[in-house]
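Structure file query_32.pdb (PDB, C-alpha atoms and all ligand atoms) is printed below.
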ATOM      1  CA  MET F   1      -5.685  14.309   5.779
ATOM      2  CA  ASN F   2      -4.242  15.108   2.397
ATOM      3  CA  LEU F   3      -6.439  14.992  -0.676
ATOM      4  CA  GLN F   4      -4.593  13.129  -3.418
ATOM      5  CA  GLY F   5      -4.342  14.824  -6.792
ATOM      6  CA  LYS F   6      -6.386  17.499  -8.486
ATOM      7  CA  LEU F   7      -9.506  17.434 -10.602
ATOM      8  CA  ILE F   8      -8.472  18.890 -13.976
ATOM      9  CA  ASN F   9     -11.100  19.093 -16.724
ATOM     10  CA  GLY F  10     -13.158  16.478 -14.934
ATOM     11  CA  VAL F  11     -10.251  14.024 -14.572
ATOM     12  CA  TRP F  12      -8.336  13.379 -11.347
ATOM     13  CA  GLN F  13      -4.601  13.684 -11.822
ATOM     14  CA  GLY F  14      -1.548  13.282  -9.593
ATOM     15  CA  GLY F  15      -1.119  12.162  -6.011
ATOM     16  CA  ILE F  16      -1.254   8.497  -5.060
ATOM     17  CA  GLU F  17      -3.559   7.364  -7.841
ATOM     18  CA  TRP F  18      -4.697   4.094  -6.280
ATOM     19  CA  THR F  19      -6.282   5.878  -3.312
ATOM     20  CA  ARG F  20      -9.005   6.996  -5.749
ATOM     21  CA  ILE F  21     -10.936   3.771  -5.538
ATOM     22  CA  ARG F  22     -13.114   2.852  -8.499
ATOM     23  CA  GLU F  23     -16.128   0.914  -7.335
ATOM     24  CA  VAL F  24     -17.574  -1.988  -9.292
ATOM     25  CA  SER F  25     -20.206   0.431 -10.698
ATOM     26  CA  GLY F  26     -17.374   2.539 -12.176
ATOM     27  CA  PHE F  27     -17.863   5.381  -9.686
ATOM     28  CA  ILE F  28     -14.522   6.883  -8.640
ATOM     29  CA  ARG F  29     -14.045   8.018  -5.042
ATOM     30  CA  ARG F  30     -11.762  10.758  -3.810
ATOM     31  CA  GLY F  31      -8.459   9.581  -2.360
ATOM     32  CA  TYR F  32      -6.667  10.794   0.759
ATOM     33  CA  THR F  33      -3.664   9.956   2.883
ATOM     34  CA  TRP F  34      -4.041   9.974   6.661
ATOM     35  CA  ASN F  35      -1.107   9.630   9.021
ATOM     36  CA  ALA F  36      -2.153   9.844  12.657
ATOM     37  CA  ILE F  37       0.699   7.382  13.245
ATOM     38  CA  LYS F  38       3.931   8.544  11.644
ATOM     39  CA  GLY F  39       7.518   7.427  11.235
ATOM     40  CA  CYS F  40       8.927   4.024  10.363
ATOM     41  CA  ARG F  41      11.875   1.950  11.548
ATOM     42  CA  HIS F  42      12.217  -0.482   8.643
ATOM     43  CA  GLY F  43      14.652   1.607   6.577
ATOM     44  CA  CYS F  44      13.681  -0.048   3.278
ATOM     45  CA  ALA F  45      15.810   0.255   0.138
ATOM     46  CA  TRP F  46      15.842  -1.545  -3.196
ATOM     47  CA  GLN F  47      18.546  -2.264  -5.745
ATOM     48  CA  MET F  48      17.268  -1.558  -9.231
ATOM     49  CA  PRO F  49      18.505  -3.311 -12.405
ATOM     50  CA  ASP F  50      21.081  -0.584 -13.175
ATOM     51  CA  GLY F  51      22.599  -1.047  -9.695
ATOM     52  CA  THR F  52      21.103   2.115  -8.207
ATOM     53  CA  VAL F  53      19.815   1.753  -4.659
ATOM     54  CA  VAL F  54      16.561   3.642  -4.132
ATOM     55  CA  GLU F  55      15.336   4.550  -0.664
ATOM     56  CA  CYS F  56      11.904   4.706   0.887
ATOM     57  CA  TYR F  57       9.965   7.557  -0.715
ATOM     58  CA  ALA F  58       8.335   8.529   2.585
ATOM     59  CA  LYS F  59      11.714   8.812   4.310
ATOM     60  CA  GLY F  60      12.888  11.200   1.617
ATOM     61  CA  VAL F  61       9.768  13.330   2.012
ATOM     62  CA  ALA F  62      10.031  13.361   5.820
ATOM     63  CA  GLU F  63      13.703  14.216   5.952
ATOM     64  CA  ARG F  64      13.854  16.672   3.065
ATOM     65  CA  LEU F  65      10.444  18.306   2.628
ATOM     66  CA  ALA F  66       8.615  17.809   5.925
ATOM     67  CA  GLN F  67      11.340  18.047   8.561
ATOM     68  CA  ALA F  68       9.148  20.139  10.865
ATOM     69  CA  ALA F  69       6.713  17.228  11.214
ATOM     70  CA  TYR F  70       9.547  14.733  11.858
ATOM     71  CA  PRO F  71      11.919  16.598  14.221
ATOM     72  CA  ARG F  72      13.572  13.346  15.395
ATOM     73  CA  GLY F  73      13.908  11.921  11.892
ATOM     74  CA  PHE F  74      11.720   9.447  10.010
ATOM     75  CA  ALA F  75      12.863   6.418  12.042
ATOM     76  CA  ALA F  76      11.300   7.885  15.206
ATOM     77  CA  HIS F  77       7.700   7.139  16.164
ATOM     78  CA  TYR F  78       5.088   9.915  16.330
ATOM     79  CA  PHE F  79       1.416   9.922  17.242
ATOM     80  CA  ASP F  80      -0.562  12.931  16.064
ATOM     81  CA  SER F  81      -3.594  12.941  18.353
ATOM     82  CA  ASP F  82      -4.929  16.038  16.551
ATOM     83  CA  ALA F  83      -5.173  14.032  13.313
ATOM     84  CA  VAL F  84      -6.867  10.921  14.686
ATOM     85  CA  ALA F  85     -10.438  12.026  14.012
ATOM     86  CA  ASP F  86      -9.695  13.573  10.589
ATOM     87  CA  PRO F  87     -11.537  10.900   8.531
ATOM     88  CA  LEU F  88     -14.768  11.905  10.269
ATOM     89  CA  SER F  89     -14.493  15.370   8.709
ATOM     90  CA  VAL F  90     -14.967  13.925   5.190
ATOM     91  CA  HIS F  91     -18.633  13.089   4.704
ATOM     92  CA  GLU F  92     -18.600  11.424   1.315
ATOM     93  CA  ARG F  93     -17.261   7.903   0.862
ATOM     94  CA  ALA F  94     -13.517   8.039   0.123
ATOM     95  CA  GLY F  95     -10.407   5.898  -0.168
ATOM     96  CA  ILE F  96      -7.938   6.651   2.622
ATOM     97  CA  PHE F  97      -4.363   5.339   2.632
ATOM     98  CA  MET F  98      -3.850   5.146   6.374
ATOM     99  CA  ASP F  99      -0.066   4.839   6.571
ATOM    100  CA  SER F 100       1.683   6.488   3.658
ATOM    101  CA  MET F 101       4.295   7.851   6.111
ATOM    102  CA  ALA F 102       4.425   4.947   8.559
ATOM    103  CA  ASP F 103       3.890   1.253   9.103
ATOM    104  CA  VAL F 104       0.924   1.046  11.468
ATOM    105  CA  ALA F 105       1.474  -2.693  11.909
ATOM    106  CA  GLY F 106       5.089  -2.134  12.990
ATOM    107  CA  ALA F 107       5.988  -3.827  16.284
ATOM    108  CA  TRP F 108       6.909  -0.468  17.841
ATOM    109  CA  VAL F 109       3.412   1.024  17.503
ATOM    110  CA  PRO F 110       1.639   0.990  20.905
ATOM    111  CA  ALA F 111      -1.608  -0.976  21.013
ATOM    112  CA  GLU F 112      -3.522   1.997  22.499
ATOM    113  CA  GLU F 113      -2.673   4.093  19.451
ATOM    114  CA  ARG F 114      -3.711   1.353  17.039
ATOM    115  CA  ASP F 115      -6.963   0.992  18.958
ATOM    116  CA  GLN F 116      -7.708   4.718  18.724
ATOM    117  CA  VAL F 117      -7.096   4.632  14.986
ATOM    118  CA  LEU F 118      -9.238   1.511  14.566
ATOM    119  CA  ALA F 119     -12.106   3.069  16.507
ATOM    120  CA  VAL F 120     -12.141   5.997  14.063
ATOM    121  CA  ILE F 121     -11.946   3.597  11.118
ATOM    122  CA  ARG F 122     -15.012   1.733  12.354
ATOM    123  CA  GLU F 123     -16.944   4.929  12.989
ATOM    124  CA  ALA F 124     -15.975   6.392   9.602
ATOM    125  CA  GLY F 125     -16.937   3.111   7.926
ATOM    126  CA  ALA F 126     -20.350   3.053   9.554
ATOM    127  CA  ARG F 127     -21.120   6.756   9.061
ATOM    128  CA  TYR F 128     -19.630   7.479   5.650
ATOM    129  CA  GLY F 129     -18.501   4.157   4.172
ATOM    130  CA  HIS F 130     -14.834   5.168   4.059
ATOM    131  CA  ILE F 131     -12.357   2.546   2.909
ATOM    132  CA  PHE F 132      -8.917   2.436   4.522
ATOM    133  CA  GLN F 133      -5.909   1.084   2.649
ATOM    134  CA  LEU F 134      -3.224  -0.289   4.951
ATOM    135  CA  LEU F 135       0.262  -1.257   3.800
ATOM    136  CA  THR F 136       2.832  -2.968   5.970
ATOM    137  CA  LYS F 137       6.187  -4.680   5.734
ATOM    138  CA  ALA F 138       5.394  -6.466   9.000
ATOM    139  CA  ALA F 139       2.703  -8.906   7.877
ATOM    140  CA  PRO F 140       2.421 -10.711  11.258
ATOM    141  CA  GLY F 141       1.457  -7.340  12.743
ATOM    142  CA  LEU F 142      -1.828  -7.574  10.820
ATOM    143  CA  LEU F 143      -2.836 -10.434  13.084
ATOM    144  CA  ARG F 144      -2.713  -8.098  16.085
ATOM    145  CA  PHE F 145      -5.564  -6.046  14.588
ATOM    146  CA  ASP F 146      -9.221  -6.864  14.771
ATOM    147  CA  LEU F 147      -9.650  -5.621  11.218
ATOM    148  CA  PRO F 148     -13.064  -4.378  10.116
ATOM    149  CA  LEU F 149     -14.011  -5.040   6.489
ATOM    150  CA  ASN F 150     -13.492  -1.403   5.509
ATOM    151  CA  VAL F 151      -9.746  -1.891   5.947
ATOM    152  CA  TRP F 152      -7.939  -3.367   2.960
ATOM    153  CA  PRO F 153      -5.001  -5.202   4.579
ATOM    154  CA  GLY F 154      -1.985  -4.982   2.310
ATOM    155  CA  VAL F 155       1.627  -6.091   2.466
ATOM    156  CA  SER F 156       4.493  -4.612   0.467
ATOM    157  CA  SER F 157       6.823  -7.080  -1.203
ATOM    158  CA  PRO F 158      10.071  -7.290   0.795
ATOM    159  CA  PRO F 159      12.779  -4.743  -0.038
ATOM    160  CA  ASP F 160      16.402  -5.629  -0.821
ATOM    161  CA  PHE F 161      17.705  -3.878   2.312
ATOM    162  CA  PHE F 162      16.373  -3.178   5.804
ATOM    163  CA  ASN F 163      18.388  -0.413   7.493
ATOM    164  CA  ASP F 164      21.370  -0.964   5.171
ATOM    165  CA  VAL F 165      21.455  -4.736   5.763
ATOM    166  CA  ARG F 166      20.845  -6.806   2.650
ATOM    167  CA  VAL F 167      17.877  -9.173   2.819
ATOM    168  CA  GLY F 168      19.231 -12.648   2.050
ATOM    169  CA  ALA F 169      17.539 -15.240  -0.141
ATOM    170  CA  PHE F 170      16.199 -17.249   2.806
ATOM    171  CA  GLN F 171      14.813 -14.203   4.604
ATOM    172  CA  ARG F 172      13.277 -12.897   1.384
ATOM    173  CA  ALA F 173      11.498 -16.183   0.684
ATOM    174  CA  ASN F 174      10.445 -16.543   4.289
ATOM    175  CA  ARG F 175       8.969 -13.052   4.460
ATOM    176  CA  MET F 176       7.110 -13.399   1.190
ATOM    177  CA  GLU F 177       5.655 -16.817   1.999
ATOM    178  CA  ARG F 178       4.590 -15.649   5.449
ATOM    179  CA  ALA F 179       3.017 -12.473   4.049
ATOM    180  CA  LEU F 180       1.036 -14.329   1.403
ATOM    181  CA  GLY F 181      -0.042 -16.947   3.948
ATOM    182  CA  ILE F 182      -1.354 -14.257   6.296
ATOM    183  CA  LEU F 183      -3.180 -12.500   3.465
ATOM    184  CA  LEU F 184      -4.699 -15.818   2.408
ATOM    185  CA  SER F 185      -5.972 -16.446   5.934
ATOM    186  CA  LEU F 186      -7.520 -12.945   6.011
ATOM    187  CA  ALA F 187      -9.062 -13.407   2.553
ATOM    188  CA  LEU F 188     -10.628 -16.690   3.600
ATOM    189  CA  GLU F 189     -12.367 -14.960   6.512
ATOM    190  CA  ASP F 190     -14.655 -13.009   4.192
ATOM    191  CA  PRO F 191     -15.180 -12.975   0.402
ATOM    192  CA  SER F 192     -15.479  -9.170   0.404
ATOM    193  CA  ARG F 193     -12.235  -8.497   2.274
ATOM    194  CA  VAL F 194      -9.733  -6.908  -0.103
ATOM    195  CA  THR F 195      -6.295  -8.360   0.577
ATOM    196  CA  TRP F 196      -3.567  -6.879  -1.556
ATOM    197  CA  MET F 197       0.106  -6.520  -2.214
ATOM    198  CA  SER F 198       2.143  -3.567  -3.377
ATOM    199  CA  PHE F 199       5.059  -4.549  -5.592
ATOM    200  CA  GLU F 200       6.689  -1.143  -5.679
ATOM    201  CA  PRO F 201       9.294  -1.156  -6.807
ATOM    202  CA  VAL F 202       9.539  -4.564  -8.434
ATOM    203  CA  SER F 203      13.175  -5.511  -7.823
ATOM    204  CA  TYR F 204      12.802  -9.294  -7.831
ATOM    205  CA  ASP F 205      10.828 -11.945  -9.700
ATOM    206  CA  TRP F 206       8.014 -12.672  -7.207
ATOM    207  CA  SER F 207       5.919 -14.735  -9.594
ATOM    208  CA  ALA F 208       6.796 -18.172  -8.165
ATOM    209  CA  PHE F 209       5.730 -17.099  -4.664
ATOM    210  CA  VAL F 210       2.424 -15.674  -5.838
ATOM    211  CA  ARG F 211       1.779 -18.786  -7.942
ATOM    212  CA  GLN F 212       2.037 -21.075  -4.937
ATOM    213  CA  MET F 213      -0.535 -19.096  -2.897
ATOM    214  CA  PRO F 214      -3.644 -18.676  -5.081
ATOM    215  CA  GLY F 215      -6.441 -16.750  -3.400
ATOM    216  CA  ALA F 216      -4.126 -14.667  -1.197
ATOM    217  CA  LEU F 217      -4.452 -11.507  -3.296
ATOM    218  CA  ARG F 218      -7.573  -9.677  -4.431
ATOM    219  CA  TRP F 219      -5.641  -6.696  -5.757
ATOM    220  CA  ALA F 220      -2.054  -5.862  -6.726
ATOM    221  CA  VAL F 221      -0.204  -2.596  -7.302
ATOM    222  CA  ILE F 222       2.956  -2.628  -9.412
ATOM    223  CA  GLY F 223       5.442   0.222  -9.692
ATOM    224  CA  ALA F 224       8.965   1.352 -10.489
ATOM    225  CA  GLY F 225      11.658   2.697  -8.174
ATOM    226  CA  THR F 226      12.085   6.414  -7.578
ATOM    227  CA  ASN F 227      14.647   8.733  -6.049
ATOM    228  CA  GLY F 228      12.964  12.111  -5.976
ATOM    229  CA  SER F 229      11.759  12.689  -9.529
ATOM    230  CA  THR F 230      14.159  10.156 -11.075
ATOM    231  CA  VAL F 231      12.481   6.889 -12.053
ATOM    232  CA  TYR F 232      14.305   3.529 -12.156
ATOM    233  CA  ASP F 233      12.526   0.936 -14.239
ATOM    234  CA  PRO F 234      12.168  -2.639 -13.021
ATOM    235  CA  GLN F 235      13.387  -5.598 -15.051
ATOM    236  CA  GLU F 236      10.890  -6.386 -17.801
ATOM    237  CA  THR F 237      10.867 -10.146 -17.194
ATOM    238  CA  HIS F 238      10.123  -9.634 -13.497
ATOM    239  CA  VAL F 239       7.051  -7.560 -14.319
ATOM    240  CA  ARG F 240       5.865  -9.810 -17.145
ATOM    241  CA  ASN F 241       6.226 -12.977 -15.050
ATOM    242  CA  LEU F 242       4.327 -11.375 -12.184
ATOM    243  CA  LEU F 243       1.559 -10.176 -14.491
ATOM    244  CA  GLU F 244       1.243 -13.624 -16.002
ATOM    245  CA  VAL F 245       0.571 -15.290 -12.664
ATOM    246  CA  LEU F 246      -1.696 -12.483 -11.424
ATOM    247  CA  ASP F 247      -3.730 -12.793 -14.623
ATOM    248  CA  GLN F 248      -3.946 -16.563 -14.217
ATOM    249  CA  GLN F 249      -5.329 -16.010 -10.719
ATOM    250  CA  GLY F 250      -7.724 -13.264 -11.852
ATOM    251  CA  VAL F 251      -6.110 -10.623  -9.615
ATOM    252  CA  PRO F 252      -6.873  -7.034 -10.724
ATOM    253  CA  VAL F 253      -3.695  -5.010 -11.273
ATOM    254  CA  PHE F 254      -3.032  -1.300 -10.864
ATOM    255  CA  PHE F 255       0.066   0.238 -12.447
ATOM    256  CA  LYS F 256       1.608   3.151 -10.580
ATOM    257  CA  GLY F 257       2.224   6.193 -12.767
ATOM    258  CA  ASN F 258       5.982   5.724 -12.380
ATOM    259  CA  LEU F 259       5.731   2.529 -14.470
ATOM    260  CA  ARG F 260       4.346   4.341 -17.532
ATOM    261  CA  ARG F 261       7.639   4.860 -19.370
ATOM    262  CA  ALA F 262       8.652   1.213 -18.974
ATOM    263  CA  ALA F 263       5.192  -0.080 -19.889
ATOM    264  CA  GLN F 264       5.249   1.968 -23.095
ATOM    265  CA  ARG F 265       8.708   0.719 -23.991
ATOM    266  CA  TRP F 266       7.718  -2.899 -23.361
ATOM    267  CA  GLY F 267       4.385  -2.575 -25.166
ATOM    268  CA  LEU F 268       2.339  -3.431 -22.061
ATOM    269  CA  ALA F 269      -1.314  -2.408 -22.059
ATOM    270  CA  TRP F 270      -1.888   0.122 -19.278
ATOM    271  CA  ARG F 271      -3.785  -1.166 -16.233
ATOM    272  CA  GLU F 272      -5.668   0.754 -13.583
ATOM    273  CA  GLU F 273      -7.839  -2.027 -12.266
ATOM    274  CA  PHE F 274      -9.511  -2.149  -8.867
ATOM    275  CA  PRO F 275     -10.865  -5.041  -6.805
ATOM    276  CA  ALA F 276     -13.823  -6.867  -8.273
ATOM    277  CA  VAL F 277     -15.749  -6.678  -4.985
ATOM    278  CA  ASP F 278     -17.235  -3.611  -3.319
ATOM    279  CA  THR F 279     -16.373  -3.011   0.307
ATOM    280  CA  PRO F 280     -19.559  -3.060   2.380
ATOM    281  CA  ILE F 281     -20.610  -0.070   4.454
ATOM    282  CA  LEU F 282     -20.275  -1.106   8.079
ATOM    283  CA  LYS F 283     -23.562  -1.497   9.904
ATOM    284  CA  GLU F 284     -22.317  -0.079  13.173
ATOM    285  CA  ALA F 285     -19.172   1.458  14.599
ATOM    286  CA  ALA F 286     -18.427  -1.171  17.227
TER     287      ALA F 286
HETATM  288  S1  LIG N 301       7.832   0.151   5.467
HETATM  289 FE1  LIG N 301       7.206   1.739   4.036
HETATM  290  S2  LIG N 301       7.384   3.652   5.189
HETATM  291 FE2  LIG N 301       8.583   2.102   6.272
HETATM  292  S3  LIG N 301      10.680   2.363   5.512
HETATM  293 FE3  LIG N 301       9.667   0.734   4.325
HETATM  294  S4  LIG N 301       8.847   1.773   2.524
HETATM  295 FE4  LIG N 301       9.304   3.345   4.059
END

Encoded form using structure tokens:
Amino acid sequence: MNLQGKLINGVWQGGIEWTRIREVSGFIRRGYTWNAIKGCRHGCAWQMPDGTVVECYAKGVAERLAQAAYPRGFAAHYFDSDAVADPLSVHERAGIFMDSMADVAGAWVPAEERDQVLAVIREAGARYGHIFQLLTKAAPGLLRFDLPLNVWPGVSSPPDFFNDVRVGAFQRANRMERALGILLSLALEDPSRVTWMSFEPVSYDWSAFVRQMPGALRWAVIGAGTNGSTVYDPQETHVRNLLEVLDQQGVPVFFKGNLRRAAQRWGLAWREEFPAVDTPILKEAA
């Protein structure tokens, strides 16, 4: 597992900020990424307002900085059995992003591997109260999991391209409506289940879709596009419209650090909000 960020003068900085979950009491947990399942076949890319196409951040990391861990490229599937039990080595409650370099709900992931990962999640939830943040582009894949409450099931808003093929208007609408519908069904199962969506980067005005599915989201992350260290700001109206509907629905919003420049330019108050419900500690592993 990789600890996210560093504690500098008593303040955590860097890494994937939203893994450092702030509980309702205000207590901030350490954040980690954990990738027992690695690699992803979606090939996501987004077209930003200036026309630049930005690629999946994880793909860039895998193919430029971490080639040794991805010898067959990022689109291949890997299962790191040595890493499966890693969450059990952290004994203080933490936030763990369980697929920063993968899509664990992808159709290509074998059920036995998902089951091994889920068994550790349950054990880590019962022993230490760990919270696992899951993000997928394959929302129907969430229905194949028997998700314990210490998993926050999340869906990323659809990209503009999958493997170099542009996502058309019908497919985009279909994917978004299906994703929100699945999250709504999961949210309705339990009032303490944190369903969420990552809008990173925002490259489309998603507000109308979110408006028609109140209750689907209990948390939202909003960010800009990046290519390495270069940041591509979203369109201001897309972000403002999305914020308006999220605020109307009372959905807490977390801004990724890469949105800071745009937020300052637009005069948006900075947000680092977390869900308004605490995730329960599981009573037992099974
Ligand atoms: S689903 Fe996530 S990891 Fe997979 S290609 Fe898309 S952005 Fe990258």

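Only residues having an atom at most 10 Å from (-3.7, 4.2, 15.6) are included; using all atoms listed in the file, these are Asn35, Ala36, Ile37, Lys38, Phe79, Asp80, Ser81, Val84, Met98, Asp99, Val104, Ala105, Val109, Pro110, Ala111, Glu112, Glu113, Arg114, Asp115, Gln116, Val117, Leu118, Ala119, Val120 and Ile121 of chain F.
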
Exercise. Give me the residues within 8 Å of Val54 in chain F as a count of residues only, counting all atoms listed in the file and dropping any in the same chain fewer than 5 places off.
Key: 7

Students should find that CA of Val151 in chain F and atom FE2 of ligand LIG 301 (chain N) are spaced 18.8 Å

On this structure, which residues satisfy the PyMOL selection byres (((chain F and resi 231-242) around 9) and not hetatm), written as a PDB file with C-alpha atoms, in the coordinates of the input?
ATOM      1  CA  MET F  48      17.268  -1.558  -9.231  1.00  0.00           C
ATOM      2  CA  PRO F  49      18.505  -3.311 -12.405  1.00  0.00           C
ATOM      3  CA  ASP F  50      21.081  -0.584 -13.175  1.00  0.00           C
ATOM      4  CA  THR F  52      21.103   2.115  -8.207  1.00  0.00           C
ATOM      5  CA  VAL F  54      16.561   3.642  -4.132  1.00  0.00           C
ATOM      6  CA  PRO F 201       9.294  -1.156  -6.807  1.00  0.00           C
ATOM      7  CA  VAL F 202       9.539  -4.564  -8.434  1.00  0.00           C
ATOM      8  CA  SER F 203      13.175  -5.511  -7.823  1.00  0.00           C
ATOM      9  CA  TYR F 204      12.802  -9.294  -7.831  1.00  0.00           C
ATOM     10  CA  ASP F 205      10.828 -11.945  -9.700  1.00  0.00           C
ATOM     11  CA  TRP F 206       8.014 -12.672  -7.207  1.00  0.00           C
ATOM     12  CA  SER F 207       5.919 -14.735  -9.594  1.00  0.00           C
ATOM     13  CA  ALA F 208       6.796 -18.172  -8.165  1.00  0.00           C
ATOM     14  CA  VAL F 210       2.424 -15.674  -5.838  1.00  0.00           C
ATOM     15  CA  ARG F 211       1.779 -18.786  -7.942  1.00  0.00           C
ATOM     16  CA  ILE F 222       2.956  -2.628  -9.412  1.00  0.00           C
ATOM     17  CA  GLY F 223       5.442   0.222  -9.692  1.00  0.00           C
ATOM     18  CA  ALA F 224       8.965   1.352 -10.489  1.00  0.00           C
ATOM     19  CA  GLY F 225      11.658   2.697  -8.174  1.00  0.00           C
ATOM     20  CA  THR F 226      12.085   6.414  -7.578  1.00  0.00           C
ATOM     21  CA  ASN F 227      14.647   8.733  -6.049  1.00  0.00           C
ATOM     22  CA  GLY F 228      12.964  12.111  -5.976  1.00  0.00           C
ATOM     23  CA  SER F 229      11.759  12.689  -9.529  1.00  0.00           C
ATOM     24  CA  THR F 230      14.159  10.156 -11.075  1.00  0.00           C
ATOM     25  CA  LEU F 243       1.559 -10.176 -14.491  1.00  0.00           C
ATOM     26  CA  GLU F 244       1.243 -13.624 -16.002  1.00  0.00           C
ATOM     27  CA  VAL F 245       0.571 -15.290 -12.664  1.00  0.00           C
ATOM     28  CA  LEU F 246      -1.696 -12.483 -11.424  1.00  0.00           C
ATOM     29  CA  ASP F 247      -3.730 -12.793 -14.623  1.00  0.00           C
ATOM     30  CA  ASN F 258       5.982   5.724 -12.380  1.00  0.00           C
ATOM     31  CA  LEU F 259       5.731   2.529 -14.470  1.00  0.00           C
ATOM     32  CA  ARG F 261       7.639   4.860 -19.370  1.00  0.00           C
ATOM     33  CA  ALA F 262       8.652   1.213 -18.974  1.00  0.00           C
ATOM     34  CA  ALA F 263       5.192  -0.080 -19.889  1.00  0.00           C
ATOM     35  CA  TRP F 266       7.718  -2.899 -23.361  1.00  0.00           C
ATOM     36  CA  LEU F 268       2.339  -3.431 -22.061  1.00  0.00           C
TER      37      LEU F 268
END

Report task. Given the file shown, determine the residues that the PyMOL selection byres (((chain F and resi 122) around 12) and not hetatm) selects; report them as an NGL selection string. Result -> :F and (85 or 87-88 or 115-121 or 123-132 or 146-151 or 280-286)

Residue members of the PyMOL selection byres (((not hetatm)) within 12 of (chain N and resi 301)) in the file shown, as a PyMOL selection string:
chain F and resi 35+37-46+54-63+73-77+98-108+134-139+154-164+198-201+225-226

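We find CA of Asn2 in chain F and CA of Trp34 in chain F to be spaced 6.7 Å apart.
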
**Message:** At a cut-off of 12 Å around the point (-9.7, -0.3, -17.9) (file coordinates), what residues fall inside when counting only C-alpha atoms? I'd like the answer as number ranges by chain.
**Reply:** F: 22, 24, 26, 252-255, 269-274

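Counting from CA of Gly51 in chain F, the distance to CA of Glu177 in chain F is 25.9 Å.
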
Once 3 Å is added on each side, what are the centre and the three edge lengths, in Å to one decimal, of the axis-aligned box enclosing the listed atoms of range 52-65 of chain F? Present them as JSON.
{"center_x": 14.7, "center_y": 10.0, "center_z": -1.1, "size_x": 18.8, "size_y": 22.6, "size_z": 20.2}

Within 10 Å of Val277 in chain F using all atoms listed in the file, minus same-chain residues under 4 positions, as a count of residues only: 7

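Considering the residues F:Ala83, F:Ala169, F:Leu3, F:Ala69 and counting all atoms listed in the file, Gly95 in chain F has its shortest atom-to-atom contact with F:Leu3.
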